[in-house]
Number of protein chains: 2
Amino acid sequence: MEIYRGHIVYSKNSKELEEISNGYIVVNNGVIQDVFKELPTQFSEEKIIDFGKGVIIPAFSDLHVHAPQYPNRGIAMDALLYDWLNQYTFPLESKYQDEEFAKQVYSAFIDNLIKHGTMHAVVFSTIHNQASDILIKGLEDKGILSYVGKVNMDKDSPDYLIEETTQSIKDTENFIKKHLNNKYAKPILTPRFAPTCSFELLKELGELADKYHIGCQTHIVESLWEKEEAKKCFKDCRCDMQIYEEAGLLKNKPFIAAHFIFPSEEDIALLNKCEGYAVQCPDATTNVIAGIMQTGKLLDTGINLGIGSDISAGSYLGIYRQVASSVRLSKIKSFYEPDNRIISFNEAFYMATKKSGALFGKVGSLEKGYSFDALVIDDLEDDFITLKPTEIVERFCYSGEVSNIKHKFLRGKEI
Amino acid sequence: MEIYRGHIVYSKNSKELEEISNGYIVVNNGVIQDVFKELPTQFSEEKIIDFGKGVIIPAFSDLHVHAPQYPNRGIAMDALLYDWLNQYTFPLESKYQDEEFAKQVYSAFIDNLIKHGTMHAVVFSTIHNQASDILIKGLEDKGILSYVGKVNMDKDSPDYLIEETTQSIKDTENFIKKHLNNKYAKPILTPRFAPTCSFELLKELGELADKYHIGCQTHIVESLWEKEEAKKCFKDCRCDMQIYEEAGLLKNKPFIAAHFIFPSEEDIALLNKCEGYAVQCPDATTNVIAGIMQTGKLLDTGINLGIGSDISAGSYLGIYRQVASSVRLSKIKSFYEPDNRIISFNEAFYMATKKSGALFGKVGSLEKGYSFDALVIDDLEDDFITLKPTEIVERFCYSGEVSNIKHKFLRGKEI
């Protein structure tokens with residue numbers, strides 16, 4: 001049993017933060033046994049690990065990140081989606097046929113994910129099986145709760161990065177079988193997006209979903225270009241989500257719809273129906289996509305909403321910066337489209353922690369019964385003014401740096 | 001004489017970066033004597049300071065920052081301008097009647113400004129003379145090229161933060177006289193913005209401008225609320241800029257128009273005529289203002305355009321993050337208002353270095369004859385991929401942290 005003392009901040013619900021100044025967290029076997037404002041006498045003989053003025057917050061979840069694109073983060077940010085894919089991203093992804101390259105990148109990616117306070121993630125790999133094995137094994141070995149997908153793309157892709165449909169399905173099944181019984185890093189179906197997938201491929205992925213009871217991640221209505229392309233490719237479908245429904249890909253959980261910027265009413269209804277998650281990737285959508293998710297409206301429909309770094313359309317691994325960007329974007333959206341409301345900091349923080357965490361189990365909060373996956377942040381306050389713990393957390397998201405993360409815990413173990 | 005070796009990146013012009021891999025900068029008495037791809041034999045006996053794979057870039061200029069708001073950076077970011085001013089910003093500014101508080105904050109502010117790579121700045125203080133003296137003296141002592149203003153506000157302000165007109169002018173003249181002969185930190189007139197200034201106050205500031213040949217900084221058309229308020233207060237004026245012209249405040253240089261988000265054609269013409277600078281503060285305008293500068297259009301008119309952190313409407317002191325945000329916002333603007341073009345990374349970097357630097361003299365570039373005000377950035381590259389020096393600079397702006405600034409030079413001296 002461990003007892004930690006410090007300020008404690010976590011999401012009570014989607015609108016409110018719980019804030020305990022100088023509180024105590026009792027952890028037993030990696031699970032939070034209780035949280036106290038005053039430590040009960042029964043614990044008075046126990047050793048207390050004191051974080052002083054540090055603030056204990058839940059570790060973050062990243063619901064959309066392309067591990068193979070890690071080497072391109074923060075470059076080529078002038079481009080827009082189509083050019084960015086063809087000139088920068090696809091050429092880089094083709095390199096993962098080289099296992100040695102994959103080993104180097106994925107090792108650095110996972111280390112940096114953790115360094116930036118992310119302990120749970122939904123991750124794209126590339127089409128390459130060996131490289132995808134390296135990625136999922138790396139995450140499993142580090143104990144990162146995650147869904148990891150070998151990418152499928154069998155049409156309208158560059159020659160150097162395209163699969164033959166039957167082989168794509170065979171490789172996917174092999175990948176699933178190999179990792180189905182992983183403890184932490186689970187396989188997930190990962191058709192890249194509608195424009196690069198034949199319906200035959202999607203249908204067969206749907207069969208794998210049923211056979212192995214696994215979910216699916218993809219990009220949904222991420223740009224007007226993508227939305228139009230999908231319509232051209234799947235003339236019988238009224239919307240992006242319907243393509244996946246027709247293919248049988250909405251039946252198993254989880255379904256993860258990255259971006260979800262231009263959904264129709266039917267897209268929203270279908271995502272709600274399958275209890276899927278839409279993932280906002282604020283910096284990515286402003287870097288290469290151009291378009292802003294209707295976050296406030298979607299929150300009000302009760303849809304599950306998470307946040308993603310979307311490296312390398314997004315440029316920074318730390319989800320805390322995306323919390324700030326999410327609030328900012330809601331202000332711009334509301335300015336241009338006044339029927340969209342501004343979201344609060346508390347809502348964005350909830351999306352990035354408790355709500356996203358629910359995808360993986362009891363993580364993303366510091367309540368009793370949750371896994372102690374937590375960060376201690378510090379050195380954000382000045383001597384000349386006193387901030388409330390919640391204000392320190394807000395400052396961390398808006399102005400903080402990775403160096404403000406002083407301690408990181410995963411299932412109670414400091415890493 | 002000092003010789004520095006490393007990758008070198010600076011703006012050749014508004015559209016192009018100069019990139020010299022493994023180049024040399026020869027500095028004499030703090031001024032760049034020459035920049036070389038290969039070091040001429042005449043220098044072969046000299047000691048060379050080698051930055052290895054580090055990239056030498058010009059130090060940044062921050063053209064709009066409120067030093068007294070530094071304690072509030074990154075908090076209260078849910079609010080919009082009117083509430084943010086009245087609930088958070090004005091109460092904090094009232095504290096600067098306490099000189100001890102001013103000393104503590106301004107010392108931390110200046111240290112952090114430098115730490116984040118900013119060596120030239122245009123700075124707001126508060127209405128308080130003693131605190132303003134402390135701020136400008138602090139900047140002068142550190143040798144930061146700057147314009148610093150004691151704020152004027154004589155109407156529609158809270159009781160605890162309002163001046164009587166005659167006293168405001170008297171205090172301003174005292175402030176100017178005291179610091180007019182400073183070497184680095186120069187006084188500048190600083191009427192807060194049209195809604196909190198009487199025309200009488202502005203007219204008398206115009207007379208001080210003429211008497212002492214000093215410029216003026218203020219907020220111009222920063223929000224639709226502010227624009228409407230200004231129109232109500234100054235019924236004879238067709239636009240914000242005309243108020244300042246009528247008051248005689250456009251005759252002396254520099255004139256610095258922070259935000260400039262909703263200018264009329266006449267605002268633009270007047271700013272162009274007085275050769276003033278408009279300052280984009282990307283994060284600030286999305287945090288509390290809501291509105292995006294028409295950066296591309298303004299650049300194409302040839303208007304002088306700089307970048308500001310606008311602490312604490314902006315939430316981060318490092319101008320490099322604002323370079324990235326400036327490109328991002330141009331993409332959103334272009335999405336919603338397609339007659340606005342996207343600006344390039346090179347243009348945003350130019351705005352934050354060479355263009356802004358020109359306001360202060362020969363700073364903001366690494367060309368011959370410029371002051372060696374420079375940063376060395378490093379630890380941005382991975383082992384498994386090689387980036388061009390310009391890509392390293394782009395990554396620094398999008399994904400970097402203050403810890404990536406390894407060396408800082410001001411007029412040739414490392415600080």
# chains A, B, ... in the order shown; residues from 1 in each chain; ligands from 1
$ interface_residues --of "chain B" --to "chain A" --cutoff "7 Å" --atoms "only C-alpha atoms" --output "ChimeraX atom specification"
/B:71,74-75,78,104-105,286-287,290-291,315-316,328,331-332,335,344-345,384-385,391,394-395,398-399,401
$ calpha_fit_and_write --fixed "chain A" --moving "chain B" --output "short mmCIF file (atom, residue, chain, number, x, y, z; two decimals) with C-alpha atoms, in the first residue's frame"
data_model
loop_
_atom_site.label_atom_id
_atom_site.label_comp_id
_atom_site.auth_asym_id
_atom_site.auth_seq_id
_atom_site.Cartn_x
_atom_site.Cartn_y
_atom_site.Cartn_z
CA MET B 1 0.00 0.01 -0.01
CA GLU B 2 1.20 3.51 -0.85
CA ILE B 3 -0.07 6.86 0.35
CA TYR B 4 0.52 9.96 -1.74
CA ARG B 5 0.01 13.53 -0.54
CA GLY B 6 -0.47 16.55 -2.78
CA HIS B 7 -3.13 18.65 -4.44
CA ILE B 8 -5.54 16.39 -6.33
CA VAL B 9 -7.56 17.29 -9.41
CA TYR B 10 -9.75 15.04 -11.56
CA SER B 11 -13.04 15.18 -13.43
CA LYS B 12 -16.10 14.54 -11.29
CA ASN B 13 -18.24 14.61 -14.42
CA SER B 14 -18.23 16.23 -17.84
CA LYS B 15 -18.69 19.72 -16.40
CA GLU B 16 -16.98 19.77 -13.01
CA LEU B 17 -13.50 19.20 -11.70
CA GLU B 18 -12.95 17.79 -8.23
CA GLU B 19 -10.25 19.76 -6.44
CA ILE B 20 -8.73 18.59 -3.18
CA SER B 21 -6.00 20.82 -1.76
CA ASN B 22 -3.39 18.93 0.23
CA GLY B 23 -5.23 15.64 -0.06
CA TYR B 24 -4.24 12.00 0.15
CA ILE B 25 -4.56 9.11 -2.27
CA VAL B 26 -4.28 5.60 -0.89
CA VAL B 27 -3.22 3.06 -3.53
CA ASN B 28 -3.37 -0.69 -3.09
CA ASN B 29 -1.95 -3.02 -5.73
CA GLY B 30 -2.03 -0.24 -8.26
CA VAL B 31 -5.69 0.59 -7.62
CA ILE B 32 -6.96 3.67 -5.79
CA GLN B 33 -8.40 2.49 -2.51
CA ASP B 34 -9.54 5.92 -1.37
CA VAL B 35 -9.02 9.66 -1.66
CA PHE B 36 -9.07 11.83 1.45
CA LYS B 37 -9.07 15.47 2.38
CA GLU B 38 -7.77 14.51 5.85
CA LEU B 39 -5.92 11.25 6.34
CA PRO B 40 -7.89 8.91 8.67
CA THR B 41 -6.03 7.85 11.80
CA GLN B 42 -5.90 4.21 10.64
CA PHE B 43 -3.18 5.34 8.19
CA SER B 44 -1.27 7.53 10.60
CA GLU B 45 1.57 5.04 11.02
CA GLU B 46 2.05 4.61 7.26
CA LYS B 47 4.81 6.19 5.24
CA ILE B 48 3.54 9.08 3.15
CA ILE B 49 5.05 10.09 -0.17
CA ASP B 50 4.66 13.86 -0.22
CA PHE B 51 4.55 15.77 -3.50
CA GLY B 52 4.46 19.14 -1.73
CA LYS B 53 2.80 21.73 -3.93
CA GLY B 54 2.64 19.30 -6.87
CA VAL B 55 -0.77 18.50 -8.33
CA ILE B 56 -1.77 14.87 -8.93
CA ILE B 57 -3.90 14.44 -12.05
CA PRO B 58 -4.99 11.41 -14.08
CA ALA B 59 -2.67 10.32 -16.90
CA PHE B 60 -3.97 11.21 -20.36
CA SER B 61 -5.42 9.03 -23.10
CA ASP B 62 -4.61 9.65 -26.77
CA LEU B 63 -7.44 8.29 -28.90
CA HIS B 64 -5.86 8.89 -32.29
CA VAL B 65 -2.18 8.72 -33.03
CA HIS B 66 -0.17 7.41 -36.02
CA ALA B 67 3.00 5.92 -34.50
CA PRO B 68 4.79 5.56 -37.88
CA GLN B 69 4.37 9.26 -38.57
CA TYR B 70 6.29 10.18 -35.42
CA PRO B 71 9.48 11.08 -37.39
CA ASN B 72 7.51 13.75 -39.29
CA ARG B 73 6.00 15.56 -36.30
CA GLY B 74 6.19 19.32 -36.62
CA ILE B 75 7.40 19.41 -40.20
CA ALA B 76 5.62 19.90 -43.56
CA MET B 77 2.93 21.82 -41.73
CA ASP B 78 2.38 24.18 -44.65
CA ALA B 79 0.63 21.49 -46.68
CA LEU B 80 -3.03 20.48 -46.72
CA LEU B 81 -4.34 16.91 -46.39
CA TYR B 82 -4.06 15.60 -49.95
CA ASP B 83 -0.54 16.93 -50.58
CA TRP B 84 0.56 16.20 -47.05
CA LEU B 85 -0.44 12.53 -47.46
CA ASN B 86 1.12 12.07 -50.88
CA GLN B 87 4.29 14.10 -50.49
CA TYR B 88 5.24 13.45 -46.88
CA THR B 89 3.18 10.85 -45.07
CA PHE B 90 2.84 7.97 -47.54
CA PRO B 91 6.57 8.04 -48.46
CA LEU B 92 7.47 7.87 -44.76
CA GLU B 93 5.00 5.04 -44.08
CA SER B 94 6.54 2.98 -46.88
CA LYS B 95 9.79 2.84 -44.88
CA TYR B 96 8.23 0.47 -42.35
CA GLN B 97 8.92 -2.52 -44.54
CA ASP B 98 12.33 -2.11 -42.89
CA GLU B 99 12.03 -3.76 -39.48
CA GLU B 100 15.15 -2.08 -38.15
CA PHE B 101 13.68 1.34 -38.91
CA ALA B 102 10.40 0.29 -37.27
CA LYS B 103 12.22 -0.84 -34.13
CA GLN B 104 14.06 2.45 -33.75
CA VAL B 105 11.03 4.65 -34.38
CA TYR B 106 8.54 2.68 -32.32
CA SER B 107 10.87 2.47 -29.36
CA ALA B 108 11.32 6.28 -29.43
CA PHE B 109 7.60 6.81 -30.03
CA ILE B 110 6.54 4.74 -27.02
CA ASP B 111 9.15 6.31 -24.74
CA ASN B 112 8.01 9.78 -25.76
CA LEU B 113 4.32 8.91 -25.45
CA ILE B 114 4.93 8.00 -21.81
CA LYS B 115 7.25 10.97 -21.28
CA HIS B 116 4.39 13.25 -22.32
CA GLY B 117 2.03 11.69 -19.79
CA THR B 118 -0.05 9.46 -22.08
CA MET B 119 -0.69 5.99 -20.65
CA HIS B 120 -3.55 4.81 -22.88
CA ALA B 121 -3.75 5.12 -26.63
CA VAL B 122 -5.51 4.11 -29.83
CA VAL B 123 -2.76 3.70 -32.40
CA PHE B 124 -2.41 3.35 -36.16
CA SER B 125 0.53 1.36 -37.51
CA THR B 126 1.16 0.92 -41.28
CA ILE B 127 0.18 -1.88 -43.69
CA HIS B 128 3.32 -3.83 -42.72
CA ASN B 129 2.78 -6.86 -40.48
CA GLN B 130 6.26 -7.17 -39.06
CA ALA B 131 6.43 -3.49 -38.17
CA SER B 132 2.93 -3.67 -36.66
CA ASP B 133 4.06 -6.63 -34.54
CA ILE B 134 6.99 -4.55 -33.28
CA LEU B 135 4.70 -1.66 -32.38
CA ILE B 136 2.06 -3.66 -30.51
CA LYS B 137 4.71 -5.73 -28.72
CA GLY B 138 6.47 -2.55 -27.64
CA LEU B 139 3.25 -1.16 -26.16
CA GLU B 140 2.40 -4.51 -24.53
CA ASP B 141 5.87 -4.74 -22.95
CA LYS B 142 5.52 -1.26 -21.46
CA GLY B 143 2.02 -2.08 -20.22
CA ILE B 144 0.32 0.71 -22.14
CA LEU B 145 -3.43 0.04 -22.38
CA SER B 146 -4.00 0.40 -26.09
CA TYR B 147 -5.72 -0.59 -29.28
CA VAL B 148 -3.27 -1.02 -32.13
CA GLY B 149 -4.08 -1.58 -35.77
CA LYS B 150 -2.27 -2.84 -38.83
CA VAL B 151 -3.54 -0.50 -41.56
CA ASN B 152 -5.55 -1.72 -44.58
CA MET B 153 -5.50 0.12 -47.92
CA ASP B 154 -6.10 -1.66 -51.22
CA LYS B 155 -6.96 1.10 -53.70
CA ASP B 156 -6.16 4.67 -54.74
CA SER B 157 -2.88 4.53 -52.85
CA PRO B 158 0.68 4.93 -54.14
CA ASP B 159 2.23 1.81 -55.74
CA TYR B 160 4.74 1.60 -52.91
CA LEU B 161 2.04 1.56 -50.23
CA ILE B 162 -0.89 -0.54 -51.43
CA GLU B 163 -2.12 -4.02 -50.62
CA GLU B 164 -3.78 -6.71 -52.63
CA THR B 165 -7.17 -7.33 -50.99
CA THR B 166 -6.80 -11.04 -50.16
CA GLN B 167 -3.29 -10.55 -48.78
CA SER B 168 -4.45 -7.58 -46.71
CA ILE B 169 -7.13 -9.70 -45.04
CA LYS B 170 -4.73 -12.59 -44.52
CA ASP B 171 -2.13 -10.31 -42.93
CA THR B 172 -4.78 -8.73 -40.75
CA GLU B 173 -6.04 -12.09 -39.50
CA ASN B 174 -2.48 -13.14 -38.71
CA PHE B 175 -1.91 -9.91 -36.82
CA ILE B 176 -5.10 -10.38 -34.82
CA LYS B 177 -4.44 -14.02 -33.96
CA LYS B 178 -0.92 -13.23 -32.81
CA HIS B 179 -2.00 -10.50 -30.38
CA LEU B 180 -5.58 -11.35 -29.43
CA ASN B 181 -4.57 -12.55 -25.99
CA ASN B 182 -2.33 -9.62 -25.16
CA LYS B 183 -2.90 -8.22 -21.70
CA TYR B 184 -2.59 -4.49 -22.46
CA ALA B 185 -2.14 -3.80 -26.17
CA LYS B 186 -5.07 -5.23 -28.14
CA PRO B 187 -5.46 -5.48 -31.90
CA ILE B 188 -8.10 -3.38 -33.65
CA LEU B 189 -9.20 -3.31 -37.29
CA THR B 190 -7.79 -0.29 -39.06
CA PRO B 191 -9.03 0.43 -42.57
CA ARG B 192 -7.22 3.70 -43.33
CA PHE B 193 -10.26 5.59 -44.61
CA ALA B 194 -12.99 5.13 -47.19
CA PRO B 195 -11.07 6.56 -50.19
CA THR B 196 -8.32 3.91 -49.94
CA CYS B 197 -10.47 0.85 -49.17
CA SER B 198 -12.57 -1.29 -51.52
CA PHE B 199 -15.96 -2.41 -50.25
CA GLU B 200 -14.80 -6.01 -50.60
CA LEU B 201 -11.94 -5.26 -48.19
CA LEU B 202 -14.26 -3.59 -45.69
CA LYS B 203 -16.78 -6.49 -45.89
CA GLU B 204 -14.06 -9.02 -45.16
CA LEU B 205 -12.78 -6.90 -42.27
CA GLY B 206 -16.37 -6.96 -41.01
CA GLU B 207 -16.21 -10.74 -41.03
CA LEU B 208 -12.96 -10.69 -39.06
CA ALA B 209 -14.61 -8.33 -36.58
CA ASP B 210 -17.35 -10.87 -35.96
CA LYS B 211 -15.00 -13.83 -35.87
CA TYR B 212 -12.67 -12.29 -33.29
CA HIS B 213 -15.05 -9.80 -31.62
CA ILE B 214 -12.81 -6.84 -32.19
CA GLY B 215 -13.50 -3.21 -32.93
CA CYS B 216 -12.47 -0.82 -35.65
CA GLN B 217 -10.76 2.56 -35.93
CA THR B 218 -10.73 4.78 -38.98
CA HIS B 219 -10.98 8.38 -40.16
CA ILE B 220 -14.57 9.58 -40.54
CA VAL B 221 -15.57 12.76 -42.43
CA GLU B 222 -12.21 14.27 -41.61
CA SER B 223 -12.17 16.81 -44.44
CA LEU B 224 -14.49 17.97 -47.17
CA TRP B 225 -12.14 16.33 -49.68
CA GLU B 226 -12.31 13.01 -47.84
CA LYS B 227 -16.09 13.26 -47.46
CA GLU B 228 -16.56 13.84 -51.19
CA GLU B 229 -14.11 11.09 -52.13
CA ALA B 230 -15.95 8.63 -49.89
CA LYS B 231 -19.24 9.53 -51.58
CA LYS B 232 -17.73 9.01 -55.03
CA CYS B 233 -16.26 5.63 -54.02
CA PHE B 234 -19.37 4.33 -52.28
CA LYS B 235 -22.25 5.60 -54.36
CA ASP B 236 -24.88 3.53 -52.52
CA CYS B 237 -24.01 5.01 -49.14
CA ARG B 238 -25.52 8.25 -47.93
CA CYS B 239 -22.74 8.96 -45.46
CA ASP B 240 -19.31 7.85 -44.25
CA MET B 241 -20.62 5.94 -41.23
CA GLN B 242 -23.07 3.99 -43.38
CA ILE B 243 -20.15 2.52 -45.35
CA TYR B 244 -18.84 0.95 -42.16
CA GLU B 245 -22.30 -0.16 -41.07
CA GLU B 246 -22.90 -1.89 -44.42
CA ALA B 247 -19.54 -3.61 -44.06
CA GLY B 248 -20.53 -4.92 -40.63
CA LEU B 249 -17.87 -2.89 -38.85
CA LEU B 250 -20.14 -1.18 -36.29
CA LYS B 251 -21.25 -4.35 -34.52
CA ASN B 252 -18.24 -4.88 -32.30
CA LYS B 253 -16.77 -2.45 -29.81
CA PRO B 254 -15.02 -0.12 -29.81
CA PHE B 255 -15.64 1.89 -32.96
CA ILE B 256 -13.37 4.90 -33.13
CA ALA B 257 -14.10 7.69 -35.57
CA ALA B 258 -11.12 10.02 -35.81
CA HIS B 259 -11.87 13.68 -36.60
CA PHE B 260 -15.63 13.48 -37.33
CA ILE B 261 -15.61 17.09 -38.50
CA PHE B 262 -18.32 17.12 -41.14
CA PRO B 263 -20.83 14.49 -39.98
CA SER B 264 -24.39 14.31 -41.31
CA GLU B 265 -27.24 13.69 -38.89
CA GLU B 266 -27.09 10.05 -39.97
CA ASP B 267 -23.34 9.83 -39.24
CA ILE B 268 -24.06 11.11 -35.73
CA ALA B 269 -26.99 8.72 -35.23
CA LEU B 270 -24.94 5.73 -36.37
CA LEU B 271 -21.99 6.61 -34.14
CA ASN B 272 -24.35 7.06 -31.22
CA LYS B 273 -26.08 3.76 -31.94
CA CYS B 274 -22.84 1.76 -31.90
CA GLU B 275 -21.65 3.67 -28.82
CA GLY B 276 -18.52 4.65 -30.73
CA TYR B 277 -16.10 7.43 -29.91
CA ALA B 278 -15.52 10.50 -32.03
CA VAL B 279 -12.02 11.89 -31.56
CA GLN B 280 -11.17 15.54 -31.81
CA CYS B 281 -7.57 16.24 -32.88
CA PRO B 282 -7.53 20.02 -32.62
CA ASP B 283 -4.03 20.89 -33.85
CA ALA B 284 -4.15 18.28 -36.61
CA THR B 285 -7.36 19.67 -38.00
CA THR B 286 -5.90 23.17 -38.11
CA ASN B 287 -2.48 22.02 -39.37
CA VAL B 288 -3.42 19.99 -42.41
CA ILE B 289 -7.16 19.46 -42.51
CA ALA B 290 -8.94 22.80 -42.14
CA GLY B 291 -12.23 22.37 -40.38
CA ILE B 292 -13.40 22.38 -36.77
CA MET B 293 -15.35 19.68 -34.97
CA GLN B 294 -18.73 20.77 -33.61
CA THR B 295 -17.55 19.79 -30.14
CA GLY B 296 -20.23 21.54 -28.10
CA LYS B 297 -23.11 20.18 -30.18
CA LEU B 298 -21.71 16.66 -30.11
CA LEU B 299 -21.16 16.81 -26.35
CA ASP B 300 -24.79 17.86 -25.97
CA THR B 301 -26.02 14.86 -28.01
CA GLY B 302 -24.27 12.68 -25.42
CA ILE B 303 -21.94 11.14 -27.98
CA ASN B 304 -18.64 9.76 -26.63
CA LEU B 305 -15.95 12.31 -27.37
CA GLY B 306 -12.21 11.93 -26.87
CA ILE B 307 -9.08 13.82 -27.84
CA GLY B 308 -6.15 12.72 -29.99
CA SER B 309 -2.70 14.10 -30.78
CA ASP B 310 -2.93 12.72 -34.34
CA ILE B 311 0.82 12.79 -34.80
CA SER B 312 1.96 13.84 -37.39
CA ALA B 313 -0.94 15.85 -38.71
CA GLY B 314 -0.87 17.02 -35.12
CA SER B 315 2.53 18.26 -34.13
CA TYR B 316 2.90 17.60 -30.38
CA LEU B 317 2.53 14.36 -28.42
CA GLY B 318 1.30 15.84 -25.13
CA ILE B 319 -2.48 15.65 -24.93
CA TYR B 320 -2.51 18.53 -22.42
CA ARG B 321 -1.80 21.02 -25.22
CA GLN B 322 -4.72 19.54 -27.15
CA VAL B 323 -7.02 20.21 -24.19
CA ALA B 324 -6.23 23.91 -24.55
CA SER B 325 -6.53 23.77 -28.33
CA SER B 326 -9.92 22.12 -28.02
CA VAL B 327 -11.30 25.04 -25.99
CA ARG B 328 -9.69 27.53 -28.41
CA LEU B 329 -11.21 25.86 -31.46
CA SER B 330 -14.66 25.85 -29.89
CA LYS B 331 -14.33 29.63 -29.55
CA ILE B 332 -13.45 30.04 -33.22
CA LYS B 333 -16.21 27.66 -34.26
CA SER B 334 -18.70 29.60 -32.17
CA PHE B 335 -17.49 32.86 -33.72
CA TYR B 336 -18.02 31.62 -37.27
CA GLU B 337 -20.98 29.33 -36.59
CA PRO B 338 -22.80 30.90 -33.65
CA ASP B 339 -25.15 27.95 -33.11
CA ASN B 340 -22.05 26.12 -31.82
CA ARG B 341 -21.37 26.82 -28.18
CA ILE B 342 -17.99 27.33 -26.53
CA ILE B 343 -16.84 24.37 -24.48
CA SER B 344 -15.32 24.85 -21.04
CA PHE B 345 -11.83 23.87 -19.94
CA ASN B 346 -13.45 21.31 -17.63
CA GLU B 347 -15.22 19.66 -20.56
CA ALA B 348 -12.04 19.43 -22.61
CA PHE B 349 -10.09 18.02 -19.65
CA TYR B 350 -12.86 15.46 -19.08
CA MET B 351 -12.69 14.41 -22.73
CA ALA B 352 -8.94 13.85 -22.47
CA THR B 353 -9.03 11.92 -19.19
CA LYS B 354 -12.15 10.33 -17.73
CA LYS B 355 -14.18 10.05 -20.93
CA SER B 356 -11.31 8.76 -23.08
CA GLY B 357 -10.13 6.55 -20.25
CA ALA B 358 -13.51 4.79 -20.08
CA LEU B 359 -12.65 3.21 -23.43
CA PHE B 360 -9.92 1.20 -21.70
CA GLY B 361 -11.51 0.40 -18.32
CA LYS B 362 -11.20 2.09 -14.94
CA VAL B 363 -8.59 4.67 -15.94
CA GLY B 364 -8.64 8.44 -16.43
CA SER B 365 -9.88 9.46 -12.99
CA LEU B 366 -8.54 9.48 -9.44
CA GLU B 367 -11.70 8.14 -7.82
CA LYS B 368 -11.85 5.05 -5.68
CA GLY B 369 -11.56 1.89 -7.76
CA TYR B 370 -9.61 3.49 -10.60
CA SER B 371 -6.16 2.35 -11.64
CA PHE B 372 -3.53 4.75 -10.28
CA ASP B 373 -2.42 5.96 -13.72
CA ALA B 374 -1.40 9.45 -12.73
CA LEU B 375 0.92 12.38 -13.25
CA VAL B 376 2.33 14.84 -10.77
CA ILE B 377 2.74 18.29 -12.30
CA ASP B 378 4.72 21.08 -10.67
CA ASP B 379 6.80 24.27 -11.14
CA LEU B 380 3.87 26.04 -12.74
CA GLU B 381 3.23 28.55 -9.97
CA ASP B 382 4.98 31.84 -9.28
CA ASP B 383 6.06 32.98 -5.83
CA PHE B 384 4.02 36.15 -6.04
CA ILE B 385 0.54 34.75 -6.55
CA THR B 386 -1.38 31.75 -5.29
CA LEU B 387 -3.26 29.60 -7.75
CA LYS B 388 -5.96 27.06 -7.02
CA PRO B 389 -4.95 23.51 -7.98
CA THR B 390 -7.49 23.59 -10.84
CA GLU B 391 -5.83 26.78 -12.12
CA ILE B 392 -2.46 25.04 -12.02
CA VAL B 393 -3.93 22.27 -14.17
CA GLU B 394 -5.36 24.81 -16.62
CA ARG B 395 -1.98 26.57 -16.82
CA PHE B 396 -0.29 23.22 -17.43
CA CYS B 397 -2.55 22.62 -20.43
CA TYR B 398 -2.17 26.14 -21.86
CA SER B 399 1.39 27.07 -20.96
CA GLY B 400 3.07 23.92 -19.67
CA GLU B 401 5.89 21.83 -21.02
CA VAL B 402 6.89 18.22 -20.62
CA SER B 403 9.36 19.30 -17.94
CA ASN B 404 6.38 20.17 -15.71
CA ILE B 405 5.54 16.46 -15.46
CA LYS B 406 7.58 15.48 -12.40
CA HIS B 407 6.28 11.96 -11.72
CA LYS B 408 4.39 9.39 -13.79
CA PHE B 409 2.54 6.37 -12.45
CA LEU B 410 1.13 3.41 -14.33
CA ARG B 411 -0.99 0.98 -12.28
CA GLY B 412 0.65 2.35 -9.16
CA LYS B 413 4.25 1.93 -10.34
CA GLU B 414 6.37 5.01 -10.90
CA ILE B 415 7.91 5.01 -14.37
#
$ select_by_dssp --residues "stretch 250-347 of chain B" --states "alpha helix (DSSP H)" --output "JSON, numbers by chain"
{"B": [265, 266, 267, 268, 269, 270, 271, 272, 273, 282, 283, 284, 295, 296, 297, 298, 299, 300, 301, 319, 320, 321, 322, 323, 324, 325, 326, 327, 328, 329, 330, 331, 332, 333, 334, 335, 336, 345, 346, 347]}
$ decode --residues "stretch 384-388 of chain B" --atoms "N, CA and C atoms" --output "CSV table (one decimal), in the first residue's frame"
chain,number,residue,atom,x,y,z
B,384,PHE,N,16.9,8.5,-36.2
B,384,PHE,CA,16.5,7.7,-37.4
B,384,PHE,C,16.1,8.4,-38.6
B,385,ILE,N,16.2,9.7,-38.6
B,385,ILE,CA,15.8,10.5,-39.8
B,385,ILE,C,16.6,11.8,-39.8
B,386,THR,N,17.0,12.2,-41.0
B,386,THR,CA,17.7,13.5,-41.1
B,386,THR,C,16.8,14.6,-41.5
B,387,LEU,N,16.8,15.7,-40.8
B,387,LEU,CA,16.0,16.8,-41.1
B,387,LEU,C,16.9,17.9,-41.7
B,388,LYS,N,16.4,18.7,-42.6
B,388,LYS,CA,17.1,19.9,-43.0
B,388,LYS,C,17.0,20.9,-41.9
